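query.pdb follows; it contains PDB, C-alpha atoms.
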MODEL        1
ATOM      1  CA  MET A   1     -30.293 -46.164 -53.101
ATOM      2  CA  SER A   2     -28.356 -44.881 -50.119
ATOM      3  CA  ASP A   3     -30.711 -41.901 -49.875
ATOM      4  CA  THR A   4     -33.713 -44.250 -49.757
ATOM      5  CA  VAL A   5     -32.103 -46.323 -47.010
ATOM      6  CA  ALA A   6     -31.281 -43.170 -45.041
ATOM      7  CA  VAL A   7     -34.898 -42.053 -45.259
ATOM      8  CA  LEU A   8     -36.221 -45.395 -44.095
ATOM      9  CA  LEU A   9     -33.876 -45.642 -41.123
ATOM     10  CA  PRO A  10     -35.498 -44.460 -37.863
ATOM     11  CA  ARG A  11     -34.210 -41.312 -36.257
ATOM     12  CA  PRO A  12     -32.051 -41.860 -33.186
ATOM     13  CA  GLN A  13     -34.049 -41.166 -30.061
ATOM     14  CA  ARG A  14     -32.727 -38.360 -27.891
ATOM     15  CA  SER A  15     -32.831 -38.673 -24.130
ATOM     16  CA  PRO A  16     -35.308 -36.518 -22.164
ATOM     17  CA  GLY A  17     -32.389 -34.655 -20.638
ATOM     18  CA  THR A  18     -30.982 -33.770 -24.054
ATOM     19  CA  LEU A  19     -34.367 -32.575 -25.290
ATOM     20  CA  ALA A  20     -34.863 -30.481 -22.152
ATOM     21  CA  ALA A  21     -31.408 -28.927 -22.526
ATOM     22  CA  ARG A  22     -32.114 -28.026 -26.166
ATOM     23  CA  ARG A  23     -35.447 -26.431 -25.243
ATOM     24  CA  PHE A  24     -33.769 -24.464 -22.459
ATOM     25  CA  VAL A  25     -31.014 -23.162 -24.743
ATOM     26  CA  ARG A  26     -33.624 -22.078 -27.306
ATOM     27  CA  ASN A  27     -35.324 -19.902 -24.664
ATOM     28  CA  PRO A  28     -33.558 -16.500 -24.901
ATOM     29  CA  LEU A  29     -35.033 -15.201 -21.639
ATOM     30  CA  ALA A  30     -33.862 -18.270 -19.720
ATOM     31  CA  VAL A  31     -30.382 -18.070 -21.240
ATOM     32  CA  ALA A  32     -30.155 -14.357 -20.430
ATOM     33  CA  GLY A  33     -31.278 -15.035 -16.856
ATOM     34  CA  THR A  34     -28.670 -17.770 -16.495
ATOM     35  CA  VAL A  35     -25.904 -15.488 -17.752
ATOM     36  CA  VAL A  36     -26.922 -12.596 -15.491
ATOM     37  CA  LEU A  37     -27.258 -14.851 -12.438
ATOM     38  CA  ALA A  38     -23.902 -16.501 -13.158
ATOM     39  CA  VAL A  39     -22.197 -13.094 -13.471
ATOM     40  CA  ILE A  40     -23.726 -11.930 -10.175
ATOM     41  CA  VAL A  41     -22.744 -15.098  -8.331
ATOM     42  CA  LEU A  42     -19.206 -15.221  -9.739
ATOM     43  CA  GLY A  43     -18.738 -11.505  -9.145
ATOM     44  CA  THR A  44     -19.722 -11.704  -5.490
ATOM     45  CA  VAL A  45     -17.717 -14.888  -4.912
ATOM     46  CA  ALA A  46     -14.594 -13.258  -6.363
ATOM     47  CA  ALA A  47     -15.272  -9.945  -4.613
ATOM     48  CA  GLN A  48     -11.937  -9.795  -2.766
ATOM     49  CA  LEU A  49     -10.043 -10.453  -5.992
ATOM     50  CA  LEU A  50     -12.037  -7.981  -8.059
ATOM     51  CA  TYR A  51     -12.021  -5.093  -5.597
ATOM     52  CA  GLN A  52      -9.580  -5.252  -2.730
ATOM     53  CA  VAL A  53     -11.155  -2.719  -0.394
ATOM     54  CA  ASP A  54     -12.248  -3.476   3.167
ATOM     55  CA  PRO A  55     -16.070  -3.207   3.238
ATOM     56  CA  ASP A  56     -15.995  -2.388   6.968
ATOM     57  CA  ALA A  57     -13.306   0.311   6.831
ATOM     58  CA  ILE A  58     -14.675   3.600   8.177
ATOM     59  CA  ASP A  59     -13.510   6.937   6.762
ATOM     60  CA  LEU A  60     -15.151   9.842   8.614
ATOM     61  CA  THR A  61     -13.553  12.303   6.194
ATOM     62  CA  ALA A  62     -15.550  10.857   3.276
ATOM     63  CA  VAL A  63     -19.042  10.448   4.698
ATOM     64  CA  ARG A  64     -21.696  10.050   1.971
ATOM     65  CA  SER A  65     -19.240  11.006  -0.731
ATOM     66  CA  ALA A  66     -20.579  10.924  -4.277
ATOM     67  CA  PRO A  67     -19.277   8.270  -6.690
ATOM     68  CA  GLY A  68     -15.863   8.936  -8.177
ATOM     69  CA  GLY A  69     -12.163   8.693  -7.523
ATOM     70  CA  ALA A  70     -11.253   6.140  -4.883
ATOM     71  CA  HIS A  71     -14.901   5.213  -4.354
ATOM     72  CA  PRO A  72     -16.557   4.282  -7.700
ATOM     73  CA  LEU A  73     -20.008   3.977  -6.088
ATOM     74  CA  GLY A  74     -19.468   6.518  -3.319
ATOM     75  CA  THR A  75     -19.561   5.966   0.443
ATOM     76  CA  ASP A  76     -22.291   5.498   3.046
ATOM     77  CA  SER A  77     -23.170   7.417   6.206
ATOM     78  CA  THR A  78     -20.028   6.201   8.015
ATOM     79  CA  GLY A  79     -17.641   6.567   5.088
ATOM     80  CA  ARG A  80     -17.585   2.886   4.090
ATOM     81  CA  ASP A  81     -17.075   2.102   0.418
ATOM     82  CA  VAL A  82     -20.435   1.254  -1.217
ATOM     83  CA  LEU A  83     -18.958  -0.970  -3.953
ATOM     84  CA  ALA A  84     -16.989  -3.031  -1.435
ATOM     85  CA  ARG A  85     -20.093  -3.472   0.707
ATOM     86  CA  LEU A  86     -22.192  -4.273  -2.362
ATOM     87  CA  LEU A  87     -19.872  -7.164  -3.278
ATOM     88  CA  ALA A  88     -19.522  -8.373   0.315
ATOM     89  CA  GLY A  89     -23.253  -8.029   0.909
ATOM     90  CA  GLY A  90     -23.948 -10.075  -2.199
ATOM     91  CA  GLN A  91     -22.026 -12.971  -0.694
ATOM     92  CA  VAL A  92     -24.245 -12.916   2.381
ATOM     93  CA  SER A  93     -27.556 -12.379   0.579
ATOM     94  CA  LEU A  94     -26.886 -15.029  -2.068
ATOM     95  CA  MET A  95     -25.583 -17.508   0.503
ATOM     96  CA  ILE A  96     -28.783 -17.101   2.507
ATOM     97  CA  GLY A  97     -30.911 -17.442  -0.634
ATOM     98  CA  PHE A  98     -29.213 -20.512  -2.105
ATOM     99  CA  LEU A  99     -28.642 -22.309   1.206
ATOM    100  CA  ALA A 100     -32.193 -21.750   2.457
ATOM    101  CA  ALA A 101     -33.617 -22.869  -0.902
ATOM    102  CA  ALA A 102     -31.435 -25.998  -0.984
ATOM    103  CA  ILE A 103     -32.436 -27.038   2.546
ATOM    104  CA  ALA A 104     -36.112 -26.297   1.904
ATOM    105  CA  VAL A 105     -36.167 -28.305  -1.341
ATOM    106  CA  CYS A 106     -34.387 -31.310   0.197
ATOM    107  CA  VAL A 107     -36.699 -31.402   3.227
ATOM    108  CA  GLY A 108     -39.781 -30.792   1.097
ATOM    109  CA  ALA A 109     -38.884 -33.460  -1.470
ATOM    110  CA  VAL A 110     -38.329 -36.097   1.229
ATOM    111  CA  ALA A 111     -41.526 -35.159   3.072
ATOM    112  CA  GLY A 112     -43.576 -35.145  -0.141
ATOM    113  CA  ILE A 113     -42.242 -38.507  -1.331
ATOM    114  CA  VAL A 114     -42.915 -40.110   2.053
ATOM    115  CA  ALA A 115     -46.424 -38.661   2.207
ATOM    116  CA  GLY A 116     -47.309 -39.683  -1.335
ATOM    117  CA  TRP A 117     -45.782 -43.153  -1.186
ATOM    118  CA  PHE A 118     -46.979 -44.375   2.199
ATOM    119  CA  GLY A 119     -50.296 -42.496   2.306
ATOM    120  CA  GLY A 120     -52.562 -43.102   5.298
ATOM    121  CA  ALA A 121     -51.449 -41.600   8.591
ATOM    122  CA  ALA A 122     -48.112 -40.396   7.204
ATOM    123  CA  ASP A 123     -49.845 -38.500   4.409
ATOM    124  CA  ALA A 124     -52.438 -37.040   6.773
ATOM    125  CA  VAL A 125     -49.864 -35.813   9.300
ATOM    126  CA  ILE A 126     -47.486 -34.322   6.723
ATOM    127  CA  SER A 127     -50.345 -32.700   4.784
ATOM    128  CA  ARG A 128     -51.723 -31.060   7.932
ATOM    129  CA  ILE A 129     -48.265 -29.760   8.850
ATOM    130  CA  VAL A 130     -47.890 -28.368   5.331
ATOM    131  CA  ASP A 131     -51.273 -26.639   5.552
ATOM    132  CA  ILE A 132     -50.366 -25.073   8.891
ATOM    133  CA  MET A 133     -46.944 -23.916   7.692
ATOM    134  CA  LEU A 134     -48.379 -22.349   4.546
ATOM    135  CA  SER A 135     -50.826 -20.332   6.630
ATOM    136  CA  VAL A 136     -48.074 -18.757   8.748
ATOM    137  CA  PRO A 137     -46.823 -15.275   7.656
ATOM    138  CA  PRO A 138     -43.043 -15.736   7.217
ATOM    139  CA  VAL A 139     -42.092 -12.130   7.977
ATOM    140  CA  LEU A 140     -43.945 -12.217  11.300
ATOM    141  CA  VAL A 141     -42.288 -15.506  12.300
ATOM    142  CA  VAL A 142     -38.785 -14.243  11.522
ATOM    143  CA  ILE A 143     -39.376 -11.006  13.432
ATOM    144  CA  VAL A 144     -40.572 -12.967  16.483
ATOM    145  CA  VAL A 145     -37.652 -15.418  16.309
ATOM    146  CA  ALA A 146     -35.174 -12.570  15.801
ATOM    147  CA  GLY A 147     -36.612 -10.846  18.860
ATOM    148  CA  ILE A 148     -36.108 -13.998  20.933
ATOM    149  CA  ILE A 149     -32.664 -15.234  19.816
ATOM    150  CA  GLY A 150     -31.381 -12.174  17.969
ATOM    151  CA  PRO A 151     -30.946 -11.605  14.229
ATOM    152  CA  SER A 152     -28.175 -13.585  12.528
ATOM    153  CA  VAL A 153     -27.373 -15.349   9.251
ATOM    154  CA  PRO A 154     -27.887 -18.915  10.647
ATOM    155  CA  MET A 155     -31.233 -17.841  12.106
ATOM    156  CA  LEU A 156     -32.350 -16.434   8.748
ATOM    157  CA  VAL A 157     -31.312 -19.565   6.850
ATOM    158  CA  ALA A 158     -33.025 -21.879   9.329
ATOM    159  CA  VAL A 159     -36.275 -19.920   9.528
ATOM    160  CA  ILE A 160     -36.568 -19.220   5.786
ATOM    161  CA  ALA A 161     -35.867 -22.876   4.984
ATOM    162  CA  GLY A 162     -38.274 -24.015   7.690
ATOM    163  CA  LEU A 163     -41.043 -21.867   6.270
ATOM    164  CA  SER A 164     -40.341 -22.655   2.593
ATOM    165  CA  TRP A 165     -40.231 -26.475   2.437
ATOM    166  CA  PRO A 166     -44.044 -27.048   2.359
ATOM    167  CA  SER A 167     -44.369 -25.833  -1.240
ATOM    168  CA  SER A 168     -41.777 -28.381  -2.399
ATOM    169  CA  ALA A 169     -43.492 -31.070  -0.324
ATOM    170  CA  ARG A 170     -46.809 -30.439  -2.085
ATOM    171  CA  ILE A 171     -45.159 -30.653  -5.493
ATOM    172  CA  ALA A 172     -43.324 -33.875  -4.645
ATOM    173  CA  ARG A 173     -46.456 -35.459  -3.147
ATOM    174  CA  SER A 174     -48.552 -34.720  -6.246
ATOM    175  CA  VAL A 175     -45.883 -36.226  -8.522
ATOM    176  CA  VAL A 176     -45.647 -39.385  -6.408
ATOM    177  CA  LEU A 177     -49.431 -39.809  -6.283
ATOM    178  CA  GLY A 178     -49.516 -39.686 -10.073
ATOM    179  CA  THR A 179     -46.599 -42.106 -10.447
ATOM    180  CA  LYS A 180     -46.862 -44.821  -7.815
ATOM    181  CA  GLU A 181     -49.642 -46.750  -9.553
ATOM    182  CA  GLN A 182     -47.796 -46.998 -12.866
ATOM    183  CA  GLU A 183     -46.650 -50.360 -14.188
ATOM    184  CA  PHE A 184     -42.934 -49.957 -13.593
ATOM    185  CA  ILE A 185     -43.576 -49.148  -9.933
ATOM    186  CA  GLN A 186     -45.830 -52.198  -9.575
ATOM    187  CA  ALA A 187     -43.162 -54.329 -11.256
ATOM    188  CA  ALA A 188     -40.583 -53.068  -8.762
ATOM    189  CA  ARG A 189     -42.914 -53.985  -5.905
ATOM    190  CA  VAL A 190     -43.508 -57.479  -7.292
ATOM    191  CA  SER A 191     -39.779 -58.026  -7.744
ATOM    192  CA  GLY A 192     -39.285 -57.492  -4.014
ATOM    193  CA  SER A 193     -37.727 -54.012  -4.058
ATOM    194  CA  GLY A 194     -37.905 -52.209  -0.725
ATOM    195  CA  ASN A 195     -39.599 -48.883  -0.099
ATOM    196  CA  ILE A 196     -36.342 -46.954   0.172
ATOM    197  CA  PHE A 197     -35.053 -48.400  -3.118
ATOM    198  CA  ILE A 198     -38.280 -47.587  -4.964
ATOM    199  CA  MET A 199     -38.426 -44.048  -3.578
ATOM    200  CA  VAL A 200     -34.806 -43.299  -4.466
ATOM    201  CA  ARG A 201     -34.524 -45.230  -7.736
ATOM    202  CA  HIS A 202     -37.961 -44.725  -9.285
ATOM    203  CA  LEU A 203     -39.791 -41.840  -7.577
ATOM    204  CA  LEU A 204     -37.005 -39.328  -6.952
ATOM    205  CA  PRO A 205     -36.065 -38.897 -10.664
ATOM    206  CA  GLY A 206     -39.651 -37.906 -11.431
ATOM    207  CA  VAL A 207     -39.733 -35.474  -8.512
ATOM    208  CA  LEU A 208     -36.451 -33.709  -9.317
ATOM    209  CA  PRO A 209     -37.515 -31.635 -12.385
ATOM    210  CA  PRO A 210     -40.510 -29.855 -10.808
ATOM    211  CA  VAL A 211     -38.692 -29.491  -7.498
ATOM    212  CA  THR A 212     -35.726 -27.919  -9.311
ATOM    213  CA  VAL A 213     -38.088 -25.323 -10.733
ATOM    214  CA  ALA A 214     -39.390 -24.684  -7.221
ATOM    215  CA  ALA A 215     -35.801 -24.302  -5.983
ATOM    216  CA  THR A 216     -35.043 -21.465  -8.401
ATOM    217  CA  LEU A 217     -38.187 -19.657  -7.321
ATOM    218  CA  LEU A 218     -37.327 -20.224  -3.657
ATOM    219  CA  VAL A 219     -33.938 -18.580  -4.214
ATOM    220  CA  SER A 220     -35.614 -15.398  -5.395
ATOM    221  CA  GLU A 221     -38.132 -15.525  -2.546
ATOM    222  CA  ALA A 222     -35.380 -16.058   0.030
ATOM    223  CA  VAL A 223     -33.309 -13.148  -1.308
ATOM    224  CA  LEU A 224     -36.371 -10.890  -1.210
ATOM    225  CA  LEU A 225     -37.290 -12.024   2.303
ATOM    226  CA  GLU A 226     -33.751 -11.510   3.587
ATOM    227  CA  SER A 227     -33.665  -8.042   2.064
ATOM    228  CA  ALA A 228     -36.997  -7.063   3.597
ATOM    229  CA  LEU A 229     -36.064  -8.393   7.034
ATOM    230  CA  SER A 230     -32.610  -6.804   7.025
ATOM    231  CA  PHE A 231     -34.209  -3.507   5.987
ATOM    232  CA  LEU A 232     -36.523  -3.822   9.005
ATOM    233  CA  GLY A 233     -33.609  -4.664  11.315
ATOM    234  CA  ALA A 234     -34.599  -8.301  11.870
ATOM    235  CA  GLY A 235     -32.126  -9.827   9.427
ATOM    236  CA  VAL A 236     -28.385  -9.541   8.952
ATOM    237  CA  ARG A 237     -26.924  -7.449  11.757
ATOM    238  CA  PRO A 238     -24.549  -4.546  10.927
ATOM    239  CA  PRO A 239     -21.649  -4.059  10.477
ATOM    240  CA  GLN A 240     -21.915  -7.229   8.377
ATOM    241  CA  ALA A 241     -23.093  -6.149   4.950
ATOM    242  CA  SER A 242     -26.068  -7.497   3.049
ATOM    243  CA  TRP A 243     -28.115  -5.996   0.260
ATOM    244  CA  GLY A 244     -31.040  -5.661   2.639
ATOM    245  CA  ASN A 245     -29.323  -3.704   5.385
ATOM    246  CA  MET A 246     -27.632  -1.479   2.781
ATOM    247  CA  LEU A 247     -31.135  -0.343   1.871
ATOM    248  CA  THR A 248     -31.668   1.011   5.387
ATOM    249  CA  GLU A 249     -29.956   4.171   4.146
ATOM    250  CA  ALA A 250     -33.073   4.735   2.044
ATOM    251  CA  GLN A 251     -35.175   5.379   5.147
ATOM    252  CA  SER A 252     -34.049   8.985   4.940
ATOM    253  CA  LEU A 253     -35.975  11.204   2.545
ATOM    254  CA  THR A 254     -32.782  13.170   1.900
ATOM    255  CA  VAL A 255     -30.981  10.032   0.788
ATOM    256  CA  LEU A 256     -33.883   8.978  -1.428
ATOM    257  CA  SER A 257     -34.013  12.301  -3.210
ATOM    258  CA  SER A 258     -30.377  13.383  -3.462
ATOM    259  CA  MET A 259     -28.104  10.397  -2.741
ATOM    260  CA  PRO A 260     -29.212   7.540  -5.026
ATOM    261  CA  TRP A 261     -25.805   5.849  -4.874
ATOM    262  CA  LEU A 262     -26.614   4.716  -1.324
ATOM    263  CA  TRP A 263     -29.763   2.724  -2.190
ATOM    264  CA  LEU A 264     -29.855   2.242  -5.953
ATOM    265  CA  PRO A 265     -26.944  -0.281  -6.301
ATOM    266  CA  PRO A 266     -28.307  -2.805  -3.751
ATOM    267  CA  GLY A 267     -31.828  -2.296  -5.100
ATOM    268  CA  VAL A 268     -30.673  -3.009  -8.645
ATOM    269  CA  MET A 269     -28.742  -6.109  -7.537
ATOM    270  CA  ILE A 270     -31.772  -7.482  -5.675
ATOM    271  CA  ALA A 271     -34.006  -6.856  -8.682
ATOM    272  CA  LEU A 272     -31.556  -8.433 -11.144
ATOM    273  CA  THR A 273     -31.045 -11.493  -8.941
ATOM    274  CA  VAL A 274     -34.748 -12.068  -8.403
ATOM    275  CA  LEU A 275     -35.691 -11.520 -12.051
ATOM    276  CA  SER A 276     -32.879 -13.686 -13.409
ATOM    277  CA  ALA A 277     -33.628 -16.514 -10.964
ATOM    278  CA  MET A 278     -37.296 -16.419 -11.960
ATOM    279  CA  ALA A 279     -36.336 -16.433 -15.662
ATOM    280  CA  VAL A 280     -34.161 -19.498 -15.085
ATOM    281  CA  GLY A 281     -36.992 -21.200 -13.214
ATOM    282  CA  ASP A 282     -39.478 -20.462 -15.981
ATOM    283  CA  GLY A 283     -37.000 -21.774 -18.546
ATOM    284  CA  ILE A 284     -36.462 -25.016 -16.644
ATOM    285  CA  ARG A 285     -40.213 -25.427 -16.224
ATOM    286  CA  ASP A 286     -40.805 -25.051 -19.947
ATOM    287  CA  ALA A 287     -37.864 -27.312 -20.784
ATOM    288  CA  VAL A 288     -39.022 -30.236 -18.634
ATOM    289  CA  ASP A 289     -42.719 -29.856 -19.532
ATOM    290  CA  PRO A 290     -43.762 -33.353 -20.718
ATOM    291  CA  ARG A 291     -46.420 -31.843 -22.972
ATOM    292  CA  ARG A 292     -43.691 -30.402 -25.180
ATOM    293  CA  ASN A 293     -42.434 -32.991 -27.630
ATOM    294  CA  ARG A 294     -39.922 -30.935 -29.564
TER     295      ARG A 294
ENDMDL
END

Any chance you could put this one into structure tokens?
Amino acid sequence: MSDTVAVLLPRPQRSPGTLAARRFVRNPLAVAGTVVLAVIVLGTVAAQLLYQVDPDAIDLTAVRSAPGGAHPLGTDSTGRDVLARLLAGGQVSLMIGFLAAAIAVCVGAVAGIVAGWFGGAADAVISRIVDIMLSVPPVLVVIVVAGIIGPSVPMLVAVIAGLSWPSSARIARSVVLGTKEQEFIQAARVSGSGNIFIMVRHLLPGVLPPVTVAATLLVSEAVLLESALSFLGAGVRPPQASWGNMLTEAQSLTVLSSMPWLWLPPGVMIALTVLSAMAVGDGIRDAVDPRRNR
């Protein structure tokens, strides 16, 4: 009898967040990407505790020394420890990537919600700005800005964020356009709720999942852009370390062919960070996909 009653009782409904978390955990690639990204972030954050060597200390008696002994990853062209600079450079590169992505997503989400909700002139103006921004080559803009005000970390964060928010704005706008005519939004309007309340209480929760996916992809794009610009000399200025300006050693054919410890570690870290961030983004996208019911 008890078995019959148990069969007839309805299953408890799980929240969308719980279902999304279960789908994410069941994705081995997403879990692996999360673990790798967490190890990279924690390792660079705790760099001074893990490896207490000054990344800017110059030792002219150990120029371009091979890995081993006091320098596990060798030294660069001025005798600075490669491992110490790899950890310190990770702090800078990841800070630029995460901070630029966070600013871009916040600005883009607000702009997209405003454009989609109010429509009319607001939508037209924001959409035209987005179209113009998406047509601008980011590398060219950063090089021009760096030539005017000089390369620096704040400049990189501001320019990368300023060039990256339109993609989030488009995503947020499309979500709002598909949501604002639904019954619960109309009920909120009839009940006298203001625009700000509706946008924050009802529209923002629907915008967050796809924008979060965009944020993870923006992190990888920002890290790649910083690395490319620093390699070209328009990014982080030496002696401050970043993964990008560590790769400048690879401009020498001699280094490329016979001294891989000077360019391979930062290259591997950039690749791992980008790939793991993209795996996390793909996992979040699949987890929050409304077409998946299990």

Distance table requested - range 179-289 of chain A against range 150-172 of chain A, cut-off 9 Å, all atoms listed in the file: one row per qualifying residue with the closest atom pair and its distance in Å to one decimal, ordered by chain and rising residue number, as a Markdown table.
| residue | atom | partner | partner_atom | distance |
| --- | --- | --- | --- | --- |
| A:Leu204 | CA | A:Ala172 | CA | 8.7 |
| A:Gly206 | CA | A:Ala172 | CA | 8.7 |
| A:Val207 | CA | A:Ala172 | CA | 5.5 |
| A:Leu208 | CA | A:Ala172 | CA | 8.3 |
| A:Pro210 | CA | A:Ile171 | CA | 7.1 |
| A:Val211 | CA | A:Ser168 | CA | 6.1 |
| A:Ala214 | CA | A:Ser168 | CA | 6.5 |
| A:Ala215 | CA | A:Ser168 | CA | 8.1 |
| A:Leu218 | CA | A:Ser164 | CA | 7.4 |
| A:Ala222 | CA | A:Ile160 | CA | 6.7 |
| A:Leu225 | CA | A:Ile160 | CA | 8.0 |
| A:Glu226 | CA | A:Leu156 | CA | 7.3 |
| A:Ser230 | CA | A:Pro151 | CA | 8.8 |
| A:Gly233 | CA | A:Pro151 | CA | 8.0 |
| A:Ala234 | CA | A:Pro151 | CA | 5.5 |
| A:Gly235 | CA | A:Pro151 | CA | 5.3 |
| A:Val236 | CA | A:Ser152 | CA | 5.4 |
| A:Arg237 | CA | A:Pro151 | CA | 6.3 |

Quick one: pull the distance between CA of Pro265 in chain A and CA of Ala30 in chain A, Å, one decimal.
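Distance reported for this atom pair: 23.5 Å.
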
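You will find CA of Gly68 in chain A at 26.3 Å from CA of Phe231 in chain A.
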
Once the PyMOL selection byres ((chain A and resi 54) around 12) is applied to the coordinates I shared, what remains selected? I want it as a list in words.
Ala47, Gln48, Leu49, Tyr51, Gln52, Val53, Pro55, Asp56, Ala57, Ile58, Asp59, His71, Gly79, Arg80, Asp81, Val82, Leu83, Ala84, Arg85, Leu86, Leu87, Ala88, Pro239, Gln240 and Ala241 of chain A

Nearest residue to Asn195 in chain A from the set A:Pro238, A:Trp117, A:Val130, A:Ile270 (distances using all atoms listed in the file)
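Nearest to Asn195 in chain A: A:Trp117.
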
Looking at A:Pro67, A:Gly33, A:Gly116, A:Pro28, which one is nearest to Ala279 in chain A, with distances taken over all atoms listed in the file?
A:Gly33

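Checking A:Val274, A:Thr248, A:Ala187, A:Val114 one by one against Glu221 in chain A, counting only C-alpha atoms, you find the shortest gap at A:Val274.
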
If you count all atoms listed in the file, the residue of A:Thr75, A:Ser93, A:Asn245, A:Thr212 closest to Cys106 in chain A turns out to be A:Thr212

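Straight-line separation from CA of Gly283 in chain A to CA of Leu29 in chain A: 7.5 Å.
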
Go ahead and find all residues with at least one atom no further than 10 Å from (-22.3, -13.4, -6.5) in the file's coordinates, using only C-alpha atoms; report them as a PyMOL selection string.
chain A and resi 37-47+87-95+269+273

Keeping C-alpha atoms for every residue in the selection just given, could you write it to a file as a short mmCIF file (atom, residue, chain, number, x, y, z; two decimals), keeping the file's coordinate frame?
data_model
loop_
_atom_site.label_atom_id
_atom_site.label_comp_id
_atom_site.auth_asym_id
_atom_site.auth_seq_id
_atom_site.Cartn_x
_atom_site.Cartn_y
_atom_site.Cartn_z
CA LEU A 37 -27.26 -14.85 -12.44
CA ALA A 38 -23.90 -16.50 -13.16
CA VAL A 39 -22.20 -13.09 -13.47
CA ILE A 40 -23.73 -11.93 -10.18
CA VAL A 41 -22.74 -15.10 -8.33
CA LEU A 42 -19.21 -15.22 -9.74
CA GLY A 43 -18.74 -11.50 -9.14
CA THR A 44 -19.72 -11.70 -5.49
CA VAL A 45 -17.72 -14.89 -4.91
CA ALA A 46 -14.59 -13.26 -6.36
CA ALA A 47 -15.27 -9.94 -4.61
CA LEU A 87 -19.87 -7.16 -3.28
CA ALA A 88 -19.52 -8.37 0.32
CA GLY A 89 -23.25 -8.03 0.91
CA GLY A 90 -23.95 -10.07 -2.20
CA GLN A 91 -22.03 -12.97 -0.69
CA VAL A 92 -24.24 -12.92 2.38
CA SER A 93 -27.56 -12.38 0.58
CA LEU A 94 -26.89 -15.03 -2.07
CA MET A 95 -25.58 -17.51 0.50
CA MET A 269 -28.74 -6.11 -7.54
CA THR A 273 -31.04 -11.49 -8.94
#

I'd like to know which of A:Arg173, A:Arg64, A:Arg285, A:Arg128 is closest to Val255 in chain A, using all atoms listed in the file.
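Smallest distance to Val255 in chain A is found for A:Arg64.
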
In the coordinates of the file, take the point (-48.6, -43.0, -10.1) and a cut-off of 12 Å; then, counting all atoms listed in the file, name each qualifying protein, DNA or RNA residue as a PDB file with C-alpha atoms, in the frame of the given file.
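The resulting file, result_15.pdb, is reproduced below:
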ATOM      1  CA  ILE A 113     -42.242 -38.507  -1.331  1.00  0.00           C
ATOM      2  CA  GLY A 116     -47.309 -39.683  -1.335  1.00  0.00           C
ATOM      3  CA  TRP A 117     -45.782 -43.153  -1.186  1.00  0.00           C
ATOM      4  CA  ALA A 172     -43.324 -33.875  -4.645  1.00  0.00           C
ATOM      5  CA  ARG A 173     -46.456 -35.459  -3.147  1.00  0.00           C
ATOM      6  CA  SER A 174     -48.552 -34.720  -6.246  1.00  0.00           C
ATOM      7  CA  VAL A 175     -45.883 -36.226  -8.522  1.00  0.00           C
ATOM      8  CA  VAL A 176     -45.647 -39.385  -6.408  1.00  0.00           C
ATOM      9  CA  LEU A 177     -49.431 -39.809  -6.283  1.00  0.00           C
ATOM     10  CA  GLY A 178     -49.516 -39.686 -10.073  1.00  0.00           C
ATOM     11  CA  THR A 179     -46.599 -42.106 -10.447  1.00  0.00           C
ATOM     12  CA  LYS A 180     -46.862 -44.821  -7.815  1.00  0.00           C
ATOM     13  CA  GLU A 181     -49.642 -46.750  -9.553  1.00  0.00           C
ATOM     14  CA  GLN A 182     -47.796 -46.998 -12.866  1.00  0.00           C
ATOM     15  CA  GLU A 183     -46.650 -50.360 -14.188  1.00  0.00           C
ATOM     16  CA  PHE A 184     -42.934 -49.957 -13.593  1.00  0.00           C
ATOM     17  CA  ILE A 185     -43.576 -49.148  -9.933  1.00  0.00           C
ATOM     18  CA  GLN A 186     -45.830 -52.198  -9.575  1.00  0.00           C
ATOM     19  CA  HIS A 202     -37.961 -44.725  -9.285  1.00  0.00           C
ATOM     20  CA  LEU A 203     -39.791 -41.840  -7.577  1.00  0.00           C
ATOM     21  CA  GLY A 206     -39.651 -37.906 -11.431  1.00  0.00           C
ATOM     22  CA  VAL A 207     -39.733 -35.474  -8.512  1.00  0.00           C
TER      23      VAL A 207
END

Name all residues at most 12 Å from Met259 in chain A (count all atoms listed in the file; drop same-chain ones fewer than 2 positions away) and give them as a PyMOL selection string.
chain A and resi 63-67+73-77+249-257+261-265
